[in-house]
Amino acid sequence: MIYSENRFDSANRSGEYLKYVKYEPENKTEDKLPLFIYVHGAGGRGDDLSVIKTVAPMSVIAAGREVNAVCVAPQCHADTWFELFDVLLEFIDNMRCGENIDQSRVYISGASDHGSWVPAFESEELWTWIFEQRRED
């Protein structure tokens with residue numbers, strides 16, 4: 001299995017959670033790895049994590065490319081649009097504090113107009129690099 005499917009339960013907001021996919025390389029070349037976080041656009045909402053696995057950049061890994069980084073992609077619920085950004089930020093902080101994460105190399109990307117910007121600007125000091133993926137019509 002390329003990705004593991006997981007659930008993050010908020011410690012700060014009772015009953016709130018995020019489902020997410022996580023990739024860890026089988027043949028890691030370092031003790032501490034970079035963390036790559038992908039935040040989906042509106043089309044990624046729901047309870048079907050396979051949707052998250054098929055969008056770039058996560059699809060590159062699904063296609064078999066080995067990446068020397070831990071990659072995570074949370075999914076918000078179908079009836080929301082990350083209204084609970086504090087839960088998303090709590091999730092990100094939890095991922096950053098993993099024992100095999102190099103906290104000086106944390107990257108975030110997102111789709112659509114706001115996927116990565118809100119968490120990015122709420123806590124700019126967390127990021128090594130912020131980049132947004134957006135389709136121009």
# chains A, B, ... in the order shown; residues from 1 in each chain; ligands from 1
>>> select_by_dssp(residues="stretch 5-97 of chain A", states="strand (DSSP E)", output="PyMOL selection string")
chain A and resi 5-9+17-23+33-39+70-75
>>> residues_around(residues="A:Val72", least_positions_apart="4", cutoff="10 Å", atoms="only C-alpha atoms", output="PyMOL selection string")
chain A and resi 3-6+20-24+35-39+52+58+92+95+108
>>> write_last_selection(atoms="C-alpha atoms", output="compact mmCIF listing (two decimals), in the first residue's frame")
# COMPACT_ATOMS: atom_id res chain seq x y z
CA TYR A 3 -0.69 5.46 1.35
CA SER A 4 -2.11 4.75 4.77
CA GLU A 5 -5.57 6.09 5.55
CA ASN A 6 -5.82 7.69 8.97
CA TYR A 20 -6.18 12.00 5.90
CA VAL A 21 -3.82 10.03 3.74
CA LYS A 22 -0.17 9.67 4.65
CA TYR A 23 2.82 8.53 2.66
CA GLU A 24 6.15 7.54 4.18
CA LEU A 35 7.10 17.11 5.60
CA PHE A 36 4.90 17.93 2.62
CA ILE A 37 1.28 18.90 3.33
CA TYR A 38 -1.31 19.07 0.56
CA VAL A 39 -4.61 20.86 1.22
CA ILE A 52 -7.25 12.98 -2.47
CA MET A 58 -0.29 13.11 -4.44
CA ILE A 92 -0.51 20.30 10.84
CA MET A 95 2.27 16.15 11.83
CA ILE A 108 2.54 23.27 2.17
>>> select_by_dssp(residues="stretch 13-91 of chain A", states="alpha helix (DSSP H)", output="list in words")
Ser50, Val51, Ile52, Lys53, Met58, Ser59, Val60, Ile61, Ala62, Phe85, Asp86, Val87, Leu88, Leu89, Glu90 and Phe91 of chain A
>>> closest_residue(among="A:Ile61, A:Lys53, A:Asn100, A:Asp47", to="A:Tyr17", atoms="only C-alpha atoms")
A:Asp47
>>> closest_residue(among="A:Ala111, A:Val60, A:Pro25, A:Gly15", to="A:His40", atoms="only C-alpha atoms")
A:Ala111
>>> closest_residue(among="A:Cys76, A:Cys71, A:Ala63, A:Val106", to="A:Ala42", atoms="only C-alpha atoms")
A:Cys76
>>> atom_distance(atom1="atom CA of A:Asp86", atom2="atom CA of A:Ala11")
11.0 Å
>>> residues_around(residues="A:Glu16", least_positions_apart="4", cutoff="12 Å", atoms="only C-alpha atoms", output="ChimeraX atom specification")
/A:7-12,76-77,82-88,90-91
>>> closest_residue(among="A:Ile101, A:Leu33, A:Leu49, A:Leu89", to="A:Asn68", atoms="only C-alpha atoms")
A:Leu33
>>> closest_residue(among="A:Arg45, A:Glu99, A:Glu66, A:Asn94", to="A:Asp79", atoms="only C-alpha atoms")
A:Arg45
>>> atom_distance(atom1="atom CA of A:Arg105", atom2="atom CA of A:Val51")
26.3 Å
>>> atom_distance(atom1="atom CA of A:Gly44", atom2="atom CA of A:Pro57")
13.3 Å
